[in-house]
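I have placed the structure first, in the form of structure tokens, so that the comments after it can refer back to it.
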Number of protein chains: 2
Amino acid sequence: MQKPENHIFICGSTRLNGKVQGACQNKDSHDLVQMFTEEVMDRDLEGEIMVTWTGCVGICEKGPIVMIYPQQTWYGEVTEDDIDEILDAVEEGSVVERLVIS
Amino acid sequence: MQKPENHIFICGSTRLNGKVQGACQNKDSHDLVQMFTEEVMDRDLEGEIMVTWTGCVGICEKGPIVMIYPQQTWYGEVTEDDIDEILDAVEEGSVVERLVIS
């Protein structure tokens with residue numbers, strides 16, 4: 001397994017004890033993880049872009065949260081409709097300004 | 001809440017359905033998350049270094065896995081004894097070569 005060029009982390013609101021809580025989960029963040037992963041596969045980018053979900057990052061009011069590294073861009077209130085635009089931006093090294101958490 | 005300068009992601013081996021499985025978990029990765037978090041607080045670096053655990057990143061045989069972003073350094077087989085050295089490196093912008101997953 002190669003370390004990916006880009007790593008997309010999606011807050012899944014899960015506590016370490018396995019309990020799923022929080023706003024990201026209520027807003028379908030788990031579906032987002034699955035949909036991002038599938039879209040990366042559809043684009044044949046598994047070697048370049050890795051999708052990983054995370055425990056709560058503590059800004060539930062802005063969830064679902066999607067963090068792009070190493071670009072270090074954080075997006076908030078991400079929906080299914082934003083996936084293509086975010087992945088285009090990751091591929092181009094650009095940013096979807098309207099979703100950025102300032 | 002500010003976006004951190006450095007983000008430490010630690011694989012917690014948990015599946016999205018809440019099931020905890022895998023080698024990282026067997027090797028006390030959950031304790032590592034807690035210990036990294038406490039050490040960051042002891043160093044008064046909460047604003048600069050964020051610690052977040054993740055779902056399985058798929059290289060269980062090298063776990064526990066610790067990923068440093070935006071530096072984009074991945075460490076494997078991390079133990080409690082490595083925490084100070086890793087945090088020193090994050091603060092300095094350097095790398096603990098002996099732990100790097102190549």
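In the structure tokens, each chain is lettered A, B, ... as it comes, each chain's residues begin at 1, and ligands are numbered from 1 in order of appearance.
Of the residues in chain A, those that DSSP places in strand (DSSP E) on the basis of the backbone are Asn6, His7, Ile8, Phe9, Ile10, Cys11, Gly12, Ser13, Thr14, Ile49, Met50, Val51, Thr52, Trp53, Thr54, Gly55, Val66, Met67, Ile68, Tyr69, Thr73, Trp74 and Tyr75 of chain A.
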Write the selection just made, keeping N, CA and C atoms, as a compact mmCIF listing (two decimals), in the first residue's frame?
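Full text of result07.txt as output:
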```txt
# COMPACT_ATOMS: atom_id res chain seq x y z
N ASN A 6 -3.17 12.58 -1.68
CA ASN A 6 -4.18 13.38 -0.99
C ASN A 6 -4.99 12.50 -0.06
N HIS A 7 -5.30 13.03 1.09
CA HIS A 7 -6.04 12.25 2.09
C HIS A 7 -7.27 13.06 2.50
N ILE A 8 -8.43 12.47 2.26
CA ILE A 8 -9.69 13.13 2.62
C ILE A 8 -10.20 12.50 3.91
N PHE A 9 -10.32 13.31 4.96
CA PHE A 9 -10.84 12.82 6.24
C PHE A 9 -12.26 13.37 6.43
N ILE A 10 -13.17 12.49 6.79
CA ILE A 10 -14.57 12.89 6.98
C ILE A 10 -14.98 12.56 8.40
N CYS A 11 -15.44 13.57 9.12
CA CYS A 11 -15.84 13.35 10.51
C CYS A 11 -17.07 12.45 10.57
N GLY A 12 -16.93 11.33 11.27
CA GLY A 12 -18.03 10.39 11.40
C GLY A 12 -18.69 10.42 12.77
N SER A 13 -18.26 11.37 13.61
CA SER A 13 -18.91 11.64 14.91
C SER A 13 -18.89 10.48 15.88
N THR A 14 -18.06 9.50 15.65
CA THR A 14 -18.09 8.34 16.52
C THR A 14 -17.11 8.52 17.68
N ILE A 49 -5.90 9.32 -4.03
CA ILE A 49 -6.77 9.94 -3.03
C ILE A 49 -7.30 8.86 -2.09
N MET A 50 -7.04 9.03 -0.81
CA MET A 50 -7.54 8.09 0.19
C MET A 50 -8.67 8.76 0.98
N VAL A 51 -9.71 7.99 1.27
CA VAL A 51 -10.85 8.52 2.05
C VAL A 51 -10.89 7.78 3.38
N THR A 52 -10.84 8.51 4.47
CA THR A 52 -10.85 7.92 5.80
C THR A 52 -11.83 8.69 6.68
N TRP A 53 -12.60 8.00 7.46
CA TRP A 53 -13.48 8.73 8.38
C TRP A 53 -12.80 8.86 9.74
N THR A 54 -13.22 9.85 10.48
CA THR A 54 -12.56 10.15 11.75
C THR A 54 -13.56 10.20 12.91
N GLY A 55 -13.02 10.21 14.10
CA GLY A 55 -13.83 10.52 15.27
C GLY A 55 -14.18 12.00 15.26
N VAL A 66 -15.45 17.90 6.24
CA VAL A 66 -14.55 17.16 5.34
C VAL A 66 -13.21 17.91 5.33
N MET A 67 -12.13 17.18 5.66
CA MET A 67 -10.80 17.81 5.76
C MET A 67 -9.89 17.25 4.68
N ILE A 68 -9.27 18.13 3.92
CA ILE A 68 -8.40 17.72 2.82
C ILE A 68 -6.94 17.97 3.22
N TYR A 69 -6.15 16.91 3.23
CA TYR A 69 -4.72 17.02 3.56
C TYR A 69 -3.89 16.41 2.45
N THR A 73 -7.25 22.01 3.90
CA THR A 73 -8.51 22.74 3.70
C THR A 73 -9.61 22.01 4.45
N TRP A 74 -10.40 22.76 5.21
CA TRP A 74 -11.53 22.16 5.93
C TRP A 74 -12.84 22.68 5.32
N TYR A 75 -13.73 21.75 4.97
CA TYR A 75 -15.04 22.12 4.44
C TYR A 75 -16.13 21.80 5.47
```
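The smallest atom-to-atom distance between Gly63 of chain B and any of B:Glu77, B:Glu46, B:Glu91, B:Asp31, using only C-alpha atoms, is found for B:Glu77.
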Quiz item: Using the chain letters and numbers from this document, which residues of chain B does DSSP assign to helix (DSSP H, G or I), as a ChimeraX atom specification?
Solution: /B:23-26,29-42,60-62,80-92,97-99
Go ahead and write the residues just picked, N, CA, C and O atoms, as a compact mmCIF listing (two decimals), in the first residue's frame.
```
# COMPACT_ATOMS: atom_id res chain seq x y z
N ALA B 23 -5.82 -4.79 14.05
CA ALA B 23 -4.58 -4.89 14.80
C ALA B 23 -4.26 -3.64 15.61
O ALA B 23 -3.68 -3.73 16.68
N CYS B 24 -4.62 -2.46 15.09
CA CYS B 24 -4.31 -1.24 15.83
C CYS B 24 -4.99 -1.28 17.20
O CYS B 24 -4.40 -0.94 18.21
N GLN B 25 -6.24 -1.71 17.19
CA GLN B 25 -6.99 -1.80 18.43
C GLN B 25 -6.35 -2.82 19.37
O GLN B 25 -6.15 -2.57 20.56
N ASN B 26 -5.95 -3.97 18.81
CA ASN B 26 -5.31 -5.00 19.63
C ASN B 26 -4.02 -4.49 20.25
O ASN B 26 -3.59 -4.95 21.29
N SER B 29 -4.18 1.04 20.39
CA SER B 29 -4.20 2.34 19.71
C SER B 29 -5.13 3.33 20.40
O SER B 29 -4.91 4.53 20.36
N HIS B 30 -6.18 2.82 21.05
CA HIS B 30 -7.09 3.74 21.75
C HIS B 30 -6.39 4.43 22.92
O HIS B 30 -6.60 5.61 23.16
N ASP B 31 -5.55 3.68 23.62
CA ASP B 31 -4.78 4.29 24.70
C ASP B 31 -3.84 5.35 24.13
O ASP B 31 -3.63 6.40 24.73
N LEU B 32 -3.28 5.07 22.96
CA LEU B 32 -2.38 6.03 22.31
C LEU B 32 -3.08 7.36 22.05
O LEU B 32 -2.50 8.43 22.26
N VAL B 33 -4.31 7.30 21.56
CA VAL B 33 -5.06 8.52 21.28
C VAL B 33 -5.16 9.36 22.55
O VAL B 33 -4.88 10.56 22.55
N GLN B 34 -5.52 8.71 23.63
CA GLN B 34 -5.67 9.40 24.91
C GLN B 34 -4.33 9.98 25.37
O GLN B 34 -4.25 11.13 25.81
N MET B 35 -3.28 9.19 25.23
CA MET B 35 -1.96 9.65 25.72
C MET B 35 -1.40 10.78 24.86
O MET B 35 -0.81 11.73 25.39
N PHE B 36 -1.58 10.71 23.55
CA PHE B 36 -1.16 11.83 22.68
C PHE B 36 -1.92 13.10 23.06
O PHE B 36 -1.35 14.18 23.18
N THR B 37 -3.24 12.95 23.26
CA THR B 37 -4.07 14.11 23.59
C THR B 37 -3.61 14.75 24.90
O THR B 37 -3.47 15.97 25.01
N GLU B 38 -3.34 13.91 25.89
CA GLU B 38 -2.90 14.43 27.20
C GLU B 38 -1.54 15.11 27.11
O GLU B 38 -1.31 16.16 27.72
N GLU B 39 -0.64 14.53 26.33
CA GLU B 39 0.69 15.11 26.21
C GLU B 39 0.64 16.46 25.47
O GLU B 39 1.36 17.39 25.82
N VAL B 40 -0.24 16.56 24.48
CA VAL B 40 -0.42 17.84 23.77
C VAL B 40 -0.94 18.89 24.76
O VAL B 40 -0.49 20.04 24.76
N MET B 41 -1.85 18.50 25.64
CA MET B 41 -2.38 19.43 26.64
C MET B 41 -1.30 19.81 27.65
O MET B 41 -1.17 20.97 28.03
N ASP B 42 -0.51 18.82 28.07
CA ASP B 42 0.58 19.09 29.01
C ASP B 42 1.57 20.11 28.43
O ASP B 42 2.14 20.92 29.16
N CYS B 60 -3.02 -2.78 8.83
CA CYS B 60 -3.07 -3.25 10.22
C CYS B 60 -1.76 -3.88 10.67
O CYS B 60 -1.38 -3.79 11.83
N GLU B 61 -1.06 -4.53 9.73
CA GLU B 61 0.16 -5.25 10.11
C GLU B 61 1.25 -4.29 10.57
O GLU B 61 2.20 -4.69 11.24
N LYS B 62 1.12 -3.01 10.22
CA LYS B 62 2.10 -2.02 10.65
C LYS B 62 1.59 -1.15 11.80
O LYS B 62 2.21 -0.16 12.17
N GLU B 80 3.69 3.86 23.27
CA GLU B 80 3.66 4.93 24.26
C GLU B 80 5.02 5.61 24.39
O GLU B 80 5.10 6.82 24.58
N ASP B 81 6.08 4.81 24.26
CA ASP B 81 7.43 5.35 24.45
C ASP B 81 7.86 6.29 23.33
O ASP B 81 8.88 6.98 23.45
N ASP B 82 7.10 6.30 22.21
CA ASP B 82 7.48 7.14 21.06
C ASP B 82 6.79 8.51 21.07
O ASP B 82 7.12 9.38 20.26
N ILE B 83 5.85 8.70 21.97
CA ILE B 83 5.00 9.90 21.91
C ILE B 83 5.82 11.18 22.03
O ILE B 83 5.66 12.12 21.24
N ASP B 84 6.71 11.23 23.00
CA ASP B 84 7.50 12.46 23.20
C ASP B 84 8.34 12.79 21.98
O ASP B 84 8.38 13.94 21.54
N GLU B 85 8.97 11.77 21.43
CA GLU B 85 9.84 11.98 20.27
C GLU B 85 9.02 12.46 19.06
O GLU B 85 9.45 13.36 18.32
N ILE B 86 7.85 11.88 18.88
CA ILE B 86 6.99 12.29 17.76
C ILE B 86 6.52 13.73 17.94
O ILE B 86 6.56 14.53 17.00
N LEU B 87 6.10 14.08 19.15
CA LEU B 87 5.63 15.46 19.38
C LEU B 87 6.77 16.46 19.25
O LEU B 87 6.58 17.56 18.73
N ASP B 88 7.96 16.10 19.73
CA ASP B 88 9.13 16.97 19.52
C ASP B 88 9.32 17.23 18.03
O ASP B 88 9.53 18.37 17.60
N ALA B 89 9.23 16.17 17.24
CA ALA B 89 9.43 16.28 15.78
C ALA B 89 8.35 17.15 15.14
O ALA B 89 8.63 17.98 14.27
N VAL B 90 7.10 16.97 15.59
CA VAL B 90 6.01 17.79 15.03
C VAL B 90 6.28 19.27 15.34
O VAL B 90 6.15 20.14 14.46
N GLU B 91 6.69 19.54 16.56
CA GLU B 91 6.97 20.94 16.93
C GLU B 91 8.11 21.54 16.11
O GLU B 91 8.09 22.71 15.74
N GLU B 92 9.11 20.70 15.83
CA GLU B 92 10.31 21.17 15.11
C GLU B 92 10.13 21.10 13.60
O GLU B 92 10.97 21.62 12.85
N GLU B 97 12.75 9.29 11.91
CA GLU B 97 13.01 8.39 10.76
C GLU B 97 12.78 6.92 11.09
O GLU B 97 12.25 6.16 10.27
N ARG B 98 13.14 6.48 12.30
CA ARG B 98 13.08 5.05 12.62
C ARG B 98 11.64 4.51 12.62
O ARG B 98 11.42 3.31 12.55
N LEU B 99 10.65 5.41 12.72
CA LEU B 99 9.25 4.96 12.77
C LEU B 99 8.51 5.14 11.44
O LEU B 99 7.36 4.70 11.30
```
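Restricting the calculation to only C-alpha atoms, the smallest distance between Gln72 of chain A and any of A:Ser102, A:Asp28, A:Glu48, A:Gly58 is found for A:Ser102.
Across the model, the gap from atom CA of Leu45 of chain A to atom CA of Ser94 of chain B is 29.3 Å.
Distance check against chain A using only C-alpha atoms: of B:Arg43, B:Pro64, B:Pro70, B:Cys56, the minimum falls on B:Pro70.
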